[in-house]
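The structure under discussion appears below in the form of structure tokens.
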Amino acid sequence: MSKPNYDLEHHVKKATGIGDPQCFKDEAGEAKFKVGDKVRVKDLPDVFYTRTQAYTRGATAIVAELVYESPPAEDEAWDNCDNPEWFYSLIFRQKDLWPEYPDTFAGDTLETELPERWLESA
Amino acid sequence: MSKNHKAAPMVDEVSEFEILELAVRELAIEKGLFTAEDHQQWTEYMHTLGPLPAARLVAKAWLDPEYKKLCVKDGVKASLEVGIDWVNQMPTKFGTPSDYCNLRVLEDTPKLKHVVVCTLCSCYPRPILGQSPEWYRTPNYRRRLVRWPRQVLAEFGLQLPEDVEVRVEDSNQKSRFIVLPVRPEGTEGWSEDQLTEIVTRDCLIGVAMPKPGKTANDVRHIRPAVNPYGH
Amino acid sequence: MVEINPEKIELDEEMARRNLDKSSVSVLEEIKYEGRVWKDLSKKYGVDNPDPPWKVTLEATCDVLSEVACALPALERRWEEDELSEDHYADVPFPERQLLALAHSMIRRDLIDEDELKAKMKEVDKRLNMV
């Protein structure tokens, strides 16, 4: 697998004075999911630069917030900033992530952010 | 009056590590990977970083419900009020590398305790909190906190009742997080400065809760070396 | 509910897929064994500062290599640091461990080579120890 080719120039021009991820605002179009939706994390084929944790694959979560628009890490690493997506903050029940999580603490949760492409309706 | 004051002690030898650090840096500059000016700029910026702005953000939020709402709604805007500009203060002018510009302030309640980790690599809100502690970066913390949060918190001396929801925040993308803990009892009538003092870095990560009189982080012992070198 | 295989959760799996050269680097091994770590030096001289003065410059080097040079992305460097911290540099304290891992990652990627590093270290040593 060849090394990613970073184009710092492009990013510098786009984000200077504005910030990242702010510089991608309004570029992702309509969000597929809204706060309160139940979603499942797809188990897409693994790519080196994925930031979707192994432990989330196949698990369901509730959308807590639409946090920002940005190219997903998988694209950004290869200098592909063409397709920003909505990023969602998702809340999982710990009992849905870990088989041995005790019932006593069934209320415990885990929150993490994932881009739209990794999610489907549940 | 005696003029006999001792100068602060200094390490008077040059270690191999000090030499290695400088050698690596100079080679990188010679090869054009970066310039001495770039490096200098970053070093100067990093010297300015520490946990006080985040502590002050929490103290202000405790004293002002409207500011607290702002913290939760827009962490980047709230940071400006404690002197931290996530976008423009950084050498790049678009956010620091690997810190980005999306601070999210996690508000604890009596029934909800947040604790932050980055399982992938140890991302941390450096612009407002300074450099991360060693234990935060270890695979030991990163792998265990997501799966056994209460056990790990207990190791930090924090035990929470069953009816409190422990929420682990895995900081895996562009947001960076600080915890806004519940204001402890015994702080009625305190000033912003007094409150700032008890919000330690560990409270802001979520592994400790603020207490009157406790102004320092606990020393956390990482597993000691079996065969330590240099001894 | 899809059954989550606990084995999949280990970060090791992500790193194993990367086929990294596992061999040690001799100049770094030497430093590992003979280097005086800050923990010991600060104790010896009664210095309170928990960190060596070069820690901040090391962090800056890591950042500029990633974002300015685009030569060693932060995520890769951290994963290698984790891996190297589990084998070669397991018993080295932090931040010496981070420094050794950085040098190791740079050598692996041919950003610097061992002989150059040895020569540069000799030069720096001479310069810093000139009285």
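A note on labels: chains of the structure tokens are A, B, ... as shown, every chain counts residues from 1, and ligands are counted from 1 in their shown order.
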Give as a PDB file with N, CA and C atoms, in the first residue's frame every residue of chain A that touches chain B within 6 Å, counting only C-alpha atoms.
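Once everything was written out, this is result03.pdb:
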ATOM      1  N   ALA A  15      -8.530  26.195   5.389  1.00  0.00           N
ATOM      2  CA  ALA A  15      -8.848  26.222   6.813  1.00  0.00           C
ATOM      3  C   ALA A  15      -8.259  27.391   7.591  1.00  0.00           C
ATOM      4  N   THR A  16      -7.295  28.089   7.000  1.00  0.00           N
ATOM      5  CA  THR A  16      -6.637  29.176   7.734  1.00  0.00           C
ATOM      6  C   THR A  16      -7.635  30.218   8.196  1.00  0.00           C
ATOM      7  N   GLY A  17      -7.553  30.553   9.465  1.00  0.00           N
ATOM      8  CA  GLY A  17      -8.432  31.575  10.038  1.00  0.00           C
ATOM      9  C   GLY A  17      -9.835  31.068  10.316  1.00  0.00           C
ATOM     10  N   GLY A  19     -10.544  27.292  10.782  1.00  0.00           N
ATOM     11  CA  GLY A  19     -10.486  26.119  11.633  1.00  0.00           C
ATOM     12  C   GLY A  19     -10.950  24.861  10.918  1.00  0.00           C
ATOM     13  N   ASP A  20     -10.531  23.737  11.505  1.00  0.00           N
ATOM     14  CA  ASP A  20     -10.913  22.422  10.971  1.00  0.00           C
ATOM     15  C   ASP A  20     -11.553  21.685  12.125  1.00  0.00           C
ATOM     16  N   PHE A 105     -24.435  -2.586  36.431  1.00  0.00           N
ATOM     17  CA  PHE A 105     -24.128  -1.271  35.879  1.00  0.00           C
ATOM     18  C   PHE A 105     -24.712  -1.124  34.480  1.00  0.00           C
ATOM     19  N   GLY A 107     -26.733   0.724  33.287  1.00  0.00           N
ATOM     20  CA  GLY A 107     -26.947   2.097  32.829  1.00  0.00           C
ATOM     21  C   GLY A 107     -25.727   2.728  32.180  1.00  0.00           C
ATOM     22  N   ASP A 108     -24.559   2.095  32.328  1.00  0.00           N
ATOM     23  CA  ASP A 108     -23.323   2.689  31.806  1.00  0.00           C
ATOM     24  C   ASP A 108     -23.330   2.747  30.285  1.00  0.00           C
ATOM     25  N   THR A 109     -22.691   3.810  29.784  1.00  0.00           N
ATOM     26  CA  THR A 109     -22.681   4.040  28.336  1.00  0.00           C
ATOM     27  C   THR A 109     -21.292   4.400  27.844  1.00  0.00           C
ATOM     28  N   LEU A 110     -21.169   4.428  26.520  1.00  0.00           N
ATOM     29  CA  LEU A 110     -19.938   4.856  25.880  1.00  0.00           C
ATOM     30  C   LEU A 110     -20.349   5.755  24.725  1.00  0.00           C
ATOM     31  N   GLU A 111     -19.672   6.868  24.593  1.00  0.00           N
ATOM     32  CA  GLU A 111     -20.003   7.804  23.516  1.00  0.00           C
ATOM     33  C   GLU A 111     -18.801   7.984  22.616  1.00  0.00           C
ATOM     34  N   THR A 112     -19.025   7.992  21.309  1.00  0.00           N
ATOM     35  CA  THR A 112     -17.931   8.201  20.372  1.00  0.00           C
ATOM     36  C   THR A 112     -18.497   8.777  19.078  1.00  0.00           C
TER      37      THR A 112
END
Neighbouring residues of segment 53-59 of chain B were defined as those with any atom within 7 Å, considering only C-alpha atoms; residues of the same chain fewer than 2 positions away were excluded. Please report them as a PyMOL selection string. chain B and resi 51+61-63+82+128-129+180+192+195-196+199-200
Suppose we keep N, CA and C atoms; can you now write the selection as a tab-separated table (two decimals), in the first residue's frame?
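Output saved as again-v9.tsv:
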chain	number	residue	atom	x	y	z
B	51	PRO	N	-2.96	23.34	32.07
B	51	PRO	CA	-4.35	23.04	32.42
B	51	PRO	C	-5.17	24.19	32.99
B	61	ALA	N	-18.06	28.34	34.76
B	61	ALA	CA	-19.33	27.67	34.46
B	61	ALA	C	-20.10	27.39	35.74
B	62	TRP	N	-19.36	27.06	36.81
B	62	TRP	CA	-20.03	26.83	38.09
B	62	TRP	C	-20.69	28.10	38.61
B	63	LEU	N	-20.06	29.24	38.33
B	63	LEU	CA	-20.56	30.50	38.88
B	63	LEU	C	-21.63	31.16	38.00
B	82	VAL	N	-11.71	32.17	28.24
B	82	VAL	CA	-10.59	31.89	29.14
B	82	VAL	C	-9.27	32.05	28.40
B	128	ILE	N	-6.17	23.71	25.54
B	128	ILE	CA	-6.77	24.25	26.76
B	128	ILE	C	-6.35	23.49	28.01
B	129	LEU	N	-5.72	22.33	27.83
B	129	LEU	CA	-5.37	21.50	28.98
B	129	LEU	C	-3.88	21.16	29.07
B	180	LEU	N	-16.80	18.71	32.62
B	180	LEU	CA	-17.22	19.77	33.52
B	180	LEU	C	-17.83	19.05	34.71
B	192	GLU	N	-13.92	32.76	41.95
B	192	GLU	CA	-13.50	32.02	40.75
B	192	GLU	C	-12.10	31.45	40.94
B	195	LEU	N	-12.18	28.38	43.20
B	195	LEU	CA	-12.77	27.23	42.51
B	195	LEU	C	-11.80	26.68	41.46
B	196	THR	N	-11.12	27.57	40.74
B	196	THR	CA	-10.17	27.14	39.71
B	196	THR	C	-9.10	26.22	40.32
B	199	VAL	N	-9.92	22.47	40.53
B	199	VAL	CA	-10.23	21.72	39.31
B	199	VAL	C	-8.89	21.27	38.71
B	200	THR	N	-8.50	20.07	39.08
B	200	THR	CA	-7.20	19.57	38.62
B	200	THR	C	-7.33	18.96	37.23
Given a cut-off of 8 Å, which residues of chain C touch chain B, counting only C-alpha atoms, written out as JSON, numbers by chain? {"C": [10, 11, 31, 32, 33, 34, 35, 36, 37, 41, 42, 45, 46, 47, 54, 56, 57, 58, 59, 60, 61, 63, 64, 65, 66, 67, 68, 69, 71, 74, 75, 78, 79, 82, 90, 91, 92, 94, 96, 99, 103, 111, 112, 117, 120, 121, 124, 125, 128, 129]}
Using only N, CA and C atoms, please write the residues we just selected to a file, as a tab-separated table (two decimals), in the first residue's frame.
chain	number	residue	atom	x	y	z
C	10	GLU	N	-8.49	-5.99	20.49
C	10	GLU	CA	-7.10	-5.62	20.73
C	10	GLU	C	-6.53	-4.74	19.62
C	11	LEU	N	-5.84	-3.71	20.03
C	11	LEU	CA	-5.19	-2.83	19.06
C	11	LEU	C	-4.11	-3.58	18.31
C	31	ILE	N	21.88	3.18	23.56
C	31	ILE	CA	21.39	4.30	24.37
C	31	ILE	C	20.43	3.78	25.43
C	32	LYS	N	19.63	2.83	25.04
C	32	LYS	CA	18.67	2.24	25.97
C	32	LYS	C	19.39	1.68	27.20
C	33	TYR	N	20.49	0.98	26.96
C	33	TYR	CA	21.21	0.35	28.07
C	33	TYR	C	22.06	1.33	28.86
C	34	GLU	N	22.67	2.27	28.15
C	34	GLU	CA	23.65	3.12	28.83
C	34	GLU	C	23.15	4.51	29.18
C	35	GLY	N	22.04	4.90	28.58
C	35	GLY	CA	21.59	6.28	28.77
C	35	GLY	C	21.15	6.58	30.19
C	36	ARG	N	21.47	7.77	30.63
C	36	ARG	CA	21.05	8.20	31.96
C	36	ARG	C	19.66	8.84	31.83
C	37	VAL	N	18.68	8.23	32.51
C	37	VAL	CA	17.31	8.73	32.39
C	37	VAL	C	17.04	9.87	33.36
C	41	LEU	N	18.64	11.18	37.00
C	41	LEU	CA	19.41	12.43	37.02
C	41	LEU	C	18.78	13.46	37.94
C	42	SER	N	17.46	13.57	37.86
C	42	SER	CA	16.80	14.59	38.68
C	42	SER	C	16.91	14.24	40.16
C	45	TYR	N	20.53	15.05	41.36
C	45	TYR	CA	20.85	16.46	41.53
C	45	TYR	C	19.81	17.22	42.34
C	46	GLY	N	18.79	16.52	42.81
C	46	GLY	CA	17.77	17.18	43.63
C	46	GLY	C	16.92	18.18	42.86
C	47	VAL	N	16.68	17.87	41.57
C	47	VAL	CA	15.86	18.77	40.75
C	47	VAL	C	14.41	18.31	40.80
C	54	TRP	N	14.25	18.60	27.53
C	54	TRP	CA	14.07	18.30	26.10
C	54	TRP	C	12.71	17.68	25.79
C	56	VAL	N	9.70	19.05	25.86
C	56	VAL	CA	8.89	19.94	25.04
C	56	VAL	C	9.40	20.00	23.60
C	57	THR	N	10.73	20.02	23.45
C	57	THR	CA	11.27	20.06	22.09
C	57	THR	C	11.00	18.75	21.37
C	58	LEU	N	10.98	17.65	22.10
C	58	LEU	CA	10.63	16.36	21.51
C	58	LEU	C	9.19	16.37	21.00
C	59	GLU	N	8.28	16.88	21.84
C	59	GLU	CA	6.87	16.95	21.43
C	59	GLU	C	6.73	17.81	20.19
C	60	ALA	N	7.47	18.91	20.15
C	60	ALA	CA	7.41	19.80	18.98
C	60	ALA	C	7.91	19.08	17.74
C	61	THR	N	8.99	18.32	17.88
C	61	THR	CA	9.52	17.56	16.74
C	61	THR	C	8.46	16.59	16.22
C	63	ASP	N	5.23	16.83	16.42
C	63	ASP	CA	4.18	17.58	15.74
C	63	ASP	C	4.62	18.09	14.38
C	64	VAL	N	5.79	18.70	14.31
C	64	VAL	CA	6.19	19.25	13.01
C	64	VAL	C	6.47	18.14	11.99
C	65	LEU	N	6.96	17.01	12.44
C	65	LEU	CA	7.18	15.89	11.51
C	65	LEU	C	5.88	15.43	10.90
C	66	SER	N	4.83	15.51	11.68
C	66	SER	CA	3.53	15.05	11.20
C	66	SER	C	2.87	16.09	10.31
C	67	GLU	N	2.80	17.31	10.81
C	67	GLU	CA	1.95	18.27	10.11
C	67	GLU	C	2.68	19.22	9.18
C	68	VAL	N	3.94	19.48	9.46
C	68	VAL	CA	4.67	20.42	8.59
C	68	VAL	C	5.44	19.63	7.54
C	69	ALA	N	6.15	18.60	8.00
C	69	ALA	CA	6.93	17.78	7.08
C	69	ALA	C	6.08	16.75	6.37
C	71	ALA	N	5.92	13.84	7.11
C	71	ALA	CA	6.82	12.71	6.92
C	71	ALA	C	6.46	11.53	7.81
C	74	ALA	N	0.98	11.42	12.78
C	74	ALA	CA	0.87	11.21	14.23
C	74	ALA	C	0.30	9.84	14.58
C	75	LEU	N	-0.74	9.42	13.85
C	75	LEU	CA	-1.39	8.15	14.18
C	75	LEU	C	-0.42	6.98	14.03
C	78	ARG	N	2.25	7.04	16.75
C	78	ARG	CA	1.73	6.59	18.05
C	78	ARG	C	1.58	5.08	18.09
C	79	TRP	N	1.07	4.50	17.00
C	79	TRP	CA	0.90	3.04	16.98
C	79	TRP	C	2.25	2.34	17.08
C	82	ASP	N	3.46	2.57	20.60
C	82	ASP	CA	2.80	1.56	21.44
C	82	ASP	C	3.48	0.22	21.28
C	90	ALA	N	10.27	-1.59	26.50
C	90	ALA	CA	9.31	-1.81	27.58
C	90	ALA	C	9.74	-1.26	28.92
C	91	ASP	N	11.01	-1.34	29.22
C	91	ASP	CA	11.42	-0.93	30.56
C	91	ASP	C	12.08	0.44	30.62
C	92	VAL	N	11.94	1.19	29.56
C	92	VAL	CA	12.52	2.54	29.55
C	92	VAL	C	11.45	3.51	30.03
C	94	PHE	N	9.28	6.98	30.56
C	94	PHE	CA	8.75	8.03	29.69
C	94	PHE	C	9.38	9.33	30.16
C	96	GLU	N	11.81	9.16	27.80
C	96	GLU	CA	12.93	8.55	27.06
C	96	GLU	C	12.40	7.53	26.05
C	99	LEU	N	11.12	9.12	22.92
C	99	LEU	CA	12.25	9.57	22.11
C	99	LEU	C	12.87	8.42	21.33
C	103	ALA	N	12.91	7.97	17.16
C	103	ALA	CA	14.13	7.75	16.38
C	103	ALA	C	14.00	6.45	15.59
C	111	LEU	N	14.06	8.14	7.05
C	111	LEU	CA	14.11	9.61	7.16
C	111	LEU	C	15.49	10.01	7.64
C	112	ILE	N	16.06	9.15	8.49
C	112	ILE	CA	17.46	9.32	8.90
C	112	ILE	C	18.07	7.92	8.89
C	117	LEU	N	23.07	9.05	12.27
C	117	LEU	CA	22.66	9.37	13.63
C	117	LEU	C	23.85	9.22	14.58
C	120	LYS	N	26.17	12.17	14.03
C	120	LYS	CA	25.59	13.40	14.55
C	120	LYS	C	25.64	13.41	16.08
C	121	MET	N	25.38	12.27	16.69
C	121	MET	CA	25.42	12.20	18.15
C	121	MET	C	26.82	12.50	18.68
C	124	VAL	N	27.31	16.24	18.42
C	124	VAL	CA	26.53	16.96	19.43
C	124	VAL	C	27.13	16.78	20.82
C	125	ASP	N	27.55	15.57	21.10
C	125	ASP	CA	28.18	15.25	22.39
C	125	ASP	C	29.38	16.16	22.62
C	128	LEU	N	28.22	19.79	23.22
C	128	LEU	CA	27.57	20.04	24.51
C	128	LEU	C	28.52	19.87	25.68
C	129	ASN	N	29.55	19.05	25.48
C	129	ASN	CA	30.45	18.81	26.60
C	129	ASN	C	31.72	19.64	26.57
Could you work out which residues of chain A fall inside 8 Å of chain C? Count only C-alpha atoms, and format the result as a ChimeraX atom specification. /A:6,48,54-55,57-59,96-99
Among the residues of chain A, find those DSSP assigns to helix (DSSP H, G or I) from the backbone and print them as a PDB file with N, CA and C atoms, in the first residue's frame.
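Below you can see out_37.pdb, which holds the result:
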ATOM      1  N   LEU A   8      -0.867  19.659   1.875  1.00  0.00           N
ATOM      2  CA  LEU A   8      -1.043  20.622   2.953  1.00  0.00           C
ATOM      3  C   LEU A   8      -1.533  21.955   2.408  1.00  0.00           C
ATOM      4  N   GLU A   9      -1.046  22.297   1.220  1.00  0.00           N
ATOM      5  CA  GLU A   9      -1.397  23.591   0.589  1.00  0.00           C
ATOM      6  C   GLU A   9      -2.898  23.803   0.555  1.00  0.00           C
ATOM      7  N   HIS A  10      -3.579  22.787   0.056  1.00  0.00           N
ATOM      8  CA  HIS A  10      -5.029  22.866  -0.116  1.00  0.00           C
ATOM      9  C   HIS A  10      -5.707  23.109   1.220  1.00  0.00           C
ATOM     10  N   HIS A  11      -5.298  22.362   2.202  1.00  0.00           N
ATOM     11  CA  HIS A  11      -5.909  22.457   3.504  1.00  0.00           C
ATOM     12  C   HIS A  11      -5.597  23.797   4.149  1.00  0.00           C
ATOM     13  N   VAL A  12      -4.354  24.241   3.990  1.00  0.00           N
ATOM     14  CA  VAL A  12      -3.949  25.520   4.562  1.00  0.00           C
ATOM     15  C   VAL A  12      -4.827  26.639   4.021  1.00  0.00           C
ATOM     16  N   LYS A  13      -5.010  26.636   2.717  1.00  0.00           N
ATOM     17  CA  LYS A  13      -5.803  27.713   2.110  1.00  0.00           C
ATOM     18  C   LYS A  13      -7.234  27.665   2.617  1.00  0.00           C
ATOM     19  N   LYS A  14      -7.745  26.469   2.739  1.00  0.00           N
ATOM     20  CA  LYS A  14      -9.157  26.323   3.062  1.00  0.00           C
ATOM     21  C   LYS A  14      -9.446  26.600   4.537  1.00  0.00           C
ATOM     22  N   ALA A  15      -8.530  26.195   5.389  1.00  0.00           N
ATOM     23  CA  ALA A  15      -8.848  26.222   6.813  1.00  0.00           C
ATOM     24  C   ALA A  15      -8.259  27.391   7.591  1.00  0.00           C
ATOM     25  N   GLN A  22     -14.436  23.334  11.047  1.00  0.00           N
ATOM     26  CA  GLN A  22     -15.340  24.428  10.649  1.00  0.00           C
ATOM     27  C   GLN A  22     -15.311  24.697   9.142  1.00  0.00           C
ATOM     28  N   CYS A  23     -14.138  24.521   8.535  1.00  0.00           N
ATOM     29  CA  CYS A  23     -13.988  24.856   7.119  1.00  0.00           C
ATOM     30  C   CYS A  23     -14.845  23.987   6.196  1.00  0.00           C
ATOM     31  N   PHE A  24     -15.404  22.906   6.718  1.00  0.00           N
ATOM     32  CA  PHE A  24     -16.245  22.036   5.888  1.00  0.00           C
ATOM     33  C   PHE A  24     -17.736  22.254   6.109  1.00  0.00           C
ATOM     34  N   ALA A  54     -12.785  -1.223  16.317  1.00  0.00           N
ATOM     35  CA  ALA A  54     -13.240  -2.602  16.117  1.00  0.00           C
ATOM     36  C   ALA A  54     -14.397  -2.943  17.052  1.00  0.00           C
ATOM     37  N   TYR A  55     -14.325  -2.408  18.269  1.00  0.00           N
ATOM     38  CA  TYR A  55     -15.336  -2.823  19.257  1.00  0.00           C
ATOM     39  C   TYR A  55     -16.735  -2.281  18.973  1.00  0.00           C
ATOM     40  N   THR A  56     -16.839  -1.315  18.047  1.00  0.00           N
ATOM     41  CA  THR A  56     -18.164  -0.757  17.752  1.00  0.00           C
ATOM     42  C   THR A  56     -18.866  -1.503  16.621  1.00  0.00           C
ATOM     43  N   ALA A  73     -11.818  10.273   8.104  1.00  0.00           N
ATOM     44  CA  ALA A  73     -10.379  10.033   8.225  1.00  0.00           C
ATOM     45  C   ALA A  73      -9.855   9.146   7.097  1.00  0.00           C
ATOM     46  N   GLU A  74     -10.657   8.160   6.718  1.00  0.00           N
ATOM     47  CA  GLU A  74     -10.246   7.225   5.661  1.00  0.00           C
ATOM     48  C   GLU A  74      -9.950   7.958   4.357  1.00  0.00           C
ATOM     49  N   ASP A  75     -10.704   9.015   4.078  1.00  0.00           N
ATOM     50  CA  ASP A  75     -10.474   9.802   2.857  1.00  0.00           C
ATOM     51  C   ASP A  75      -9.396  10.849   3.059  1.00  0.00           C
ATOM     52  N   GLU A  76      -9.465  11.519   4.194  1.00  0.00           N
ATOM     53  CA  GLU A  76      -8.549  12.624   4.463  1.00  0.00           C
ATOM     54  C   GLU A  76      -7.101  12.188   4.435  1.00  0.00           C
ATOM     55  N   GLN A  94     -23.031   0.072  27.250  1.00  0.00           N
ATOM     56  CA  GLN A  94     -21.855  -0.780  27.451  1.00  0.00           C
ATOM     57  C   GLN A  94     -22.236  -2.259  27.351  1.00  0.00           C
ATOM     58  N   LYS A  95     -23.432  -2.598  27.815  1.00  0.00           N
ATOM     59  CA  LYS A  95     -23.853  -3.997  27.753  1.00  0.00           C
ATOM     60  C   LYS A  95     -23.973  -4.497  26.303  1.00  0.00           C
ATOM     61  N   ASP A  96     -24.158  -3.591  25.370  1.00  0.00           N
ATOM     62  CA  ASP A  96     -24.227  -3.991  23.967  1.00  0.00           C
ATOM     63  C   ASP A  96     -22.839  -4.137  23.342  1.00  0.00           C
ATOM     64  N   LEU A  97     -21.826  -3.603  24.004  1.00  0.00           N
ATOM     65  CA  LEU A  97     -20.469  -3.654  23.442  1.00  0.00           C
ATOM     66  C   LEU A  97     -19.642  -4.806  24.007  1.00  0.00           C
ATOM     67  N   ASP A 103     -24.613  -6.619  34.820  1.00  0.00           N
ATOM     68  CA  ASP A 103     -25.981  -6.096  34.853  1.00  0.00           C
ATOM     69  C   ASP A 103     -26.159  -4.996  35.884  1.00  0.00           C
ATOM     70  N   THR A 104     -25.367  -5.081  36.952  1.00  0.00           N
ATOM     71  CA  THR A 104     -25.454  -4.077  38.023  1.00  0.00           C
ATOM     72  C   THR A 104     -25.260  -2.670  37.488  1.00  0.00           C
ATOM     73  N   PHE A 105     -24.435  -2.586  36.431  1.00  0.00           N
ATOM     74  CA  PHE A 105     -24.128  -1.271  35.879  1.00  0.00           C
ATOM     75  C   PHE A 105     -24.712  -1.124  34.480  1.00  0.00           C
ATOM     76  N   GLU A 116     -21.081   9.379   8.752  1.00  0.00           N
ATOM     77  CA  GLU A 116     -22.302   8.779   8.222  1.00  0.00           C
ATOM     78  C   GLU A 116     -22.114   7.464   7.480  1.00  0.00           C
ATOM     79  N   ARG A 117     -21.028   7.353   6.699  1.00  0.00           N
ATOM     80  CA  ARG A 117     -20.854   6.148   5.878  1.00  0.00           C
ATOM     81  C   ARG A 117     -20.780   4.857   6.690  1.00  0.00           C
ATOM     82  N   TRP A 118     -20.432   4.991   7.973  1.00  0.00           N
ATOM     83  CA  TRP A 118     -20.308   3.801   8.806  1.00  0.00           C
ATOM     84  C   TRP A 118     -21.628   3.383   9.442  1.00  0.00           C
TER      85      TRP A 118
END
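We find atom CA of Glu100 of chain A and atom CA of Val152 of chain B to be spaced 15.8 Å apart.
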Atom-to-atom span, atom CA of Ser85 of chain C and atom CA of Ala101 of chain C, Å: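 Going from atom CA of Ser85 of chain C over to atom CA of Ala101 of chain C covers 7.5 Å.
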I'd like the contact shell of segment 66-81 of chain B - 6 Å cut-off, only C-alpha atoms, skipping same-chain residues fewer than 2 positions apart - returned as a PyMOL selection string. chain B and resi 61+64+83-85+103-105
